[in-house]
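Student: Provided herewith is a single structure, encoded as structure tokens, for subsequent inquiry.
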Amino acid sequence: MLSLLQAAPANAIANGENVADGEYTFSTALSMPEITRGDGTTYASACSGALISEQWIITAGHCFHDGDRNRVSGPPRYQVTATIGQATLSGGDGVKVDVVDVVQGENADVAIARLAEPVAGIEPLKVSDSAPAEDDIVRLVGWGSADATADLSHRPDRMQTGQFTVTGFDELGVNVAGHAPQRDVSACPYDSGAPFFSESEDGTYELVATEVGGPDCPHAEEESAARSDVLHDWILEHIR
């Protein structure tokens, strides 16, 4: 059976561009201030994601685990706070709400997570039900590091973005390569779960894929993200 469960953890958007205030407000920064490992030690971490309904987000499955990196469904084993609707981590114009329940995907390192309360005033990102096409241009927005260092101090305060070209796809994944602002724009640590989405001329967006892993950033190589269209019905089953 094909699977995207074993992808390496992703990094953040390297060589991207700043996102202006008020843009891509569905983008979600996830913070985990204290995760307890199996040996009792603790650490802080972060992921990226997207609001896909008033009370649900989508992100990488490995963002929710038992402390020993085993992905888990149900209530998170540690506090996970979603910040939605603002372009900077330090801003105060968005919404902060805890994640209270998680549903893991079966064949891809993707999870959908329910928020403690609905988010008002922010347009969710629509989940595409169509397969991507080769040479399509998609955009990635995320809250990861600016380089391959998995250190929260390396995260830019402002959300980062870049464009990617669809180079191919298989049953579960879509292959992308950096397009703009330069060829080696790429996802970095803490960009796990960040959305790849299409942009139409009428200003609407659709989720095409979810970032789950790739080579160390920055890089100009292909990487594979989890296709959204094959998850479309499963997602709607849970968030309706």
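Each chain in the structure tokens gets a letter, A, B, ..., in the order shown, and its residues are numbered from 1; ligands are numbered from 1 in order too.
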What are the DSSP strand (DSSP E or B) residues of segment 24-169 of chain A, as number ranges by chain?
Tutor: A: 27-36, 42-53, 56-60, 65, 71, 74, 81-84, 88, 95-104, 108, 110-115, 126-127, 137-142, 158, 160-169
Student: Please provide the set of residues having any atom within 12 Å of Ile122 of chain A, restricted to only C-alpha atoms, with same-chain residues fewer than 4 positions apart removed, written as an NGL selection string.
Tutor: :A and (22-28 or 50-55 or 83-86 or 93-95 or 118)
Student: Produce a table with one row for each residue of segment 19-90 of chain A that has an atom at most 12 Å from any atom of segment 190-201 of chain A, each row naming the nearest atom pair and its distance in Å at one decimal; use only C-alpha atoms; arrange rows by chain and rising residue number; format as CSV.
Tutor:
residue,atom,partner,partner_atom,distance
A:Tyr24,CA,A:Phe197,CA,10.4
A:Phe26,CA,A:Pro195,CA,9.6
A:Ser27,CA,A:Pro195,CA,7.7
A:Thr28,CA,A:Ala194,CA,8.1
A:Ala29,CA,A:Ala194,CA,8.9
A:Leu30,CA,A:Tyr190,CA,8.9
A:Ser31,CA,A:Tyr190,CA,9.6
A:Met32,CA,A:Tyr190,CA,11.0
A:Ala44,CA,A:Tyr190,CA,11.2
A:Ser45,CA,A:Tyr190,CA,7.6
A:Ala46,CA,A:Tyr190,CA,5.4
A:Cys47,CA,A:Tyr190,CA,4.5
A:Ser48,CA,A:Ala194,CA,4.7
A:Gly49,CA,A:Ala194,CA,4.6
A:Ala50,CA,A:Pro195,CA,6.2
A:Leu51,CA,A:Pro195,CA,9.7
A:Ile52,CA,A:Pro195,CA,10.4
A:Ile57,CA,A:Gly193,CA,9.8
A:Ile58,CA,A:Gly193,CA,7.0
A:Thr59,CA,A:Gly193,CA,3.7
A:Ala60,CA,A:Gly193,CA,4.1
A:Gly61,CA,A:Gly193,CA,7.8
A:His62,CA,A:Ser192,CA,8.3
A:Cys63,CA,A:Ser192,CA,7.6
A:Phe64,CA,A:Gly193,CA,11.0
Student: Can I get the selection written as a compact mmCIF listing (two decimals), in the first residue's frame, with N, CA, C and O atoms?
Tutor:
# COMPACT_ATOMS: atom_id res chain seq x y z
N TYR A 24 -3.57 35.81 3.43
CA TYR A 24 -3.54 34.38 3.78
C TYR A 24 -3.86 34.17 5.25
O TYR A 24 -3.16 33.46 5.99
N PHE A 26 -5.96 32.43 6.70
CA PHE A 26 -6.24 31.04 7.10
C PHE A 26 -5.00 30.33 7.60
O PHE A 26 -5.08 29.28 8.25
N SER A 27 -3.81 30.87 7.30
CA SER A 27 -2.57 30.24 7.72
C SER A 27 -2.51 30.17 9.24
O SER A 27 -2.88 31.12 9.94
N THR A 28 -2.05 29.04 9.74
CA THR A 28 -2.10 28.75 11.18
C THR A 28 -0.71 28.42 11.71
O THR A 28 -0.03 27.55 11.18
N ALA A 29 -0.32 29.11 12.77
CA ALA A 29 0.92 28.79 13.48
C ALA A 29 0.57 27.96 14.71
O ALA A 29 -0.27 28.37 15.52
N LEU A 30 1.19 26.80 14.84
CA LEU A 30 0.94 25.93 15.99
C LEU A 30 2.14 25.97 16.93
O LEU A 30 3.29 25.78 16.50
N SER A 31 1.88 26.20 18.20
CA SER A 31 2.96 26.22 19.19
C SER A 31 2.71 25.14 20.23
O SER A 31 1.58 24.93 20.68
N MET A 32 3.79 24.44 20.59
CA MET A 32 3.76 23.40 21.61
C MET A 32 4.84 23.74 22.64
O MET A 32 6.00 23.37 22.48
N ALA A 44 10.28 22.33 23.55
CA ALA A 44 9.23 23.09 22.86
C ALA A 44 9.34 22.85 21.36
O ALA A 44 10.44 22.60 20.84
N SER A 45 8.23 22.96 20.66
CA SER A 45 8.25 22.75 19.22
C SER A 45 7.16 23.60 18.57
O SER A 45 6.44 24.35 19.25
N ALA A 46 7.04 23.47 17.25
CA ALA A 46 6.06 24.25 16.51
C ALA A 46 5.76 23.56 15.19
O ALA A 46 6.54 22.72 14.72
N CYS A 47 4.63 23.89 14.60
CA CYS A 47 4.26 23.41 13.26
C CYS A 47 3.48 24.52 12.56
O CYS A 47 3.20 25.57 13.14
N SER A 48 3.12 24.25 11.31
CA SER A 48 2.29 25.16 10.54
C SER A 48 1.03 24.42 10.12
O SER A 48 0.96 23.19 10.21
N GLY A 49 0.04 25.14 9.66
CA GLY A 49 -1.20 24.50 9.23
C GLY A 49 -2.10 25.50 8.54
O GLY A 49 -1.69 26.61 8.19
N ALA A 50 -3.38 25.10 8.36
CA ALA A 50 -4.35 25.97 7.71
C ALA A 50 -5.73 25.72 8.28
O ALA A 50 -6.11 24.57 8.55
N LEU A 51 -6.50 26.78 8.44
CA LEU A 51 -7.88 26.69 8.86
C LEU A 51 -8.72 26.22 7.67
O LEU A 51 -8.70 26.84 6.61
N ILE A 52 -9.46 25.09 7.83
CA ILE A 52 -10.25 24.56 6.72
C ILE A 52 -11.75 24.57 7.01
O ILE A 52 -12.55 24.23 6.14
N ILE A 57 -8.56 22.64 11.67
CA ILE A 57 -7.36 22.95 10.90
C ILE A 57 -6.80 21.65 10.31
O ILE A 57 -7.15 20.55 10.73
N ILE A 58 -5.92 21.80 9.31
CA ILE A 58 -5.18 20.66 8.77
C ILE A 58 -3.70 20.94 8.94
O ILE A 58 -3.25 22.09 8.83
N THR A 59 -2.94 19.89 9.26
CA THR A 59 -1.51 20.03 9.47
C THR A 59 -0.86 18.66 9.26
O THR A 59 -1.49 17.72 8.78
N ALA A 60 0.41 18.54 9.60
CA ALA A 60 1.10 17.25 9.50
C ALA A 60 0.74 16.38 10.69
O ALA A 60 0.62 16.86 11.83
N GLY A 61 0.58 15.08 10.44
CA GLY A 61 0.22 14.16 11.51
C GLY A 61 1.26 14.08 12.60
O GLY A 61 0.93 13.92 13.79
N HIS A 62 2.56 14.19 12.22
CA HIS A 62 3.60 14.02 13.23
C HIS A 62 3.69 15.21 14.20
O HIS A 62 4.46 15.16 15.15
N CYS A 63 2.88 16.24 13.97
CA CYS A 63 2.83 17.34 14.93
C CYS A 63 2.13 16.93 16.22
O CYS A 63 2.27 17.60 17.24
N PHE A 64 1.40 15.82 16.18
CA PHE A 64 0.69 15.31 17.36
C PHE A 64 1.16 13.90 17.65
O PHE A 64 0.88 12.97 16.89
Student: Report the closest atom pair, with its distance in Å rounded to one decimal, for each residue of segment 56-156 of chain A that has an atom no farther than 12 Å from segment 202-213 of chain A; count only C-alpha atoms, sort by chain and then rising residue number, and write it as CSV.
Tutor:
residue,atom,partner,partner_atom,distance
A:Ile57,CA,A:Thr210,CA,11.4
A:Ile58,CA,A:Thr210,CA,8.0
A:Thr59,CA,A:Thr210,CA,6.8
A:Ala60,CA,A:Val212,CA,5.6
A:Gly61,CA,A:Val212,CA,8.1
A:His62,CA,A:Val212,CA,8.3
A:Cys63,CA,A:Val212,CA,9.7
A:Gly105,CA,A:Thr210,CA,11.9
A:Ala108,CA,A:Val212,CA,8.7
A:Asp109,CA,A:Val212,CA,6.3
A:Val110,CA,A:Thr210,CA,7.3
A:Ala111,CA,A:Thr210,CA,9.7
A:Ile112,CA,A:Thr210,CA,11.0
A:Glu123,CA,A:Tyr205,CA,10.2
A:Pro124,CA,A:Tyr205,CA,9.4
A:Leu125,CA,A:Glu206,CA,6.1
A:Lys126,CA,A:Glu206,CA,4.9
A:Val127,CA,A:Leu207,CA,4.7
A:Ser128,CA,A:Glu206,CA,5.4
A:Asp129,CA,A:Val208,CA,8.6
A:Ser130,CA,A:Val208,CA,8.4
A:Ala131,CA,A:Val208,CA,8.0
A:Pro132,CA,A:Val208,CA,6.9
A:Ala133,CA,A:Val208,CA,10.3
A:Asp136,CA,A:Val208,CA,10.4
A:Ile137,CA,A:Val208,CA,10.5
A:Val138,CA,A:Val208,CA,7.8
A:Arg139,CA,A:Val208,CA,9.3
A:Leu140,CA,A:Glu211,CA,8.6
A:Val141,CA,A:Glu211,CA,10.0
A:Gly142,CA,A:Glu211,CA,9.5
A:Trp143,CA,A:Glu211,CA,11.9
A:Gly144,CA,A:Glu211,CA,11.4
Student: Which residues, written as a count of residues only, have at least one atom at most 8 Å from Pro75 of chain A, with only C-alpha atoms counted and residues fewer than 5 positions away on the same chain left out?
Tutor: 4
Student: Under the rule that only C-alpha atoms are counted, which of A:Glu117, A:Asp157, A:Asp68, A:Asp135 is the nearest residue to Thr88 of chain A?
Tutor: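 Result for the nearest residue to Thr88 of chain A: A:Asp157.
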Student: Compile the contact shell of Gly178 of chain A as JSON, numbers by chain: residues with an atom at most 10 Å away, counting only C-alpha atoms, same-chain residues fewer than 5 positions apart removed.
Tutor: {"A": [15, 16, 137, 138, 139, 162, 163, 164, 165, 166, 183, 184, 185, 186, 187, 218, 219, 220, 221, 222, 223]}
Student: Atom CA of Gly91 of chain A and atom CA of Gln160 of chain A are how many Å apart?
Tutor: 14.8 Å
Student: Using Å and a single decimal, report how far atom CA of Leu172 of chain A sits from atom CA of Ser228 of chain A.
Tutor: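 It comes out at 8.6 Å.
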Student: So how far away is atom CA of Pro33 of chain A from atom CA of Leu115 of chain A, in Å?
Tutor: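 Atom-to-atom, atom CA of Leu115 of chain A and atom CA of Pro33 of chain A are spaced 17.2 Å apart.
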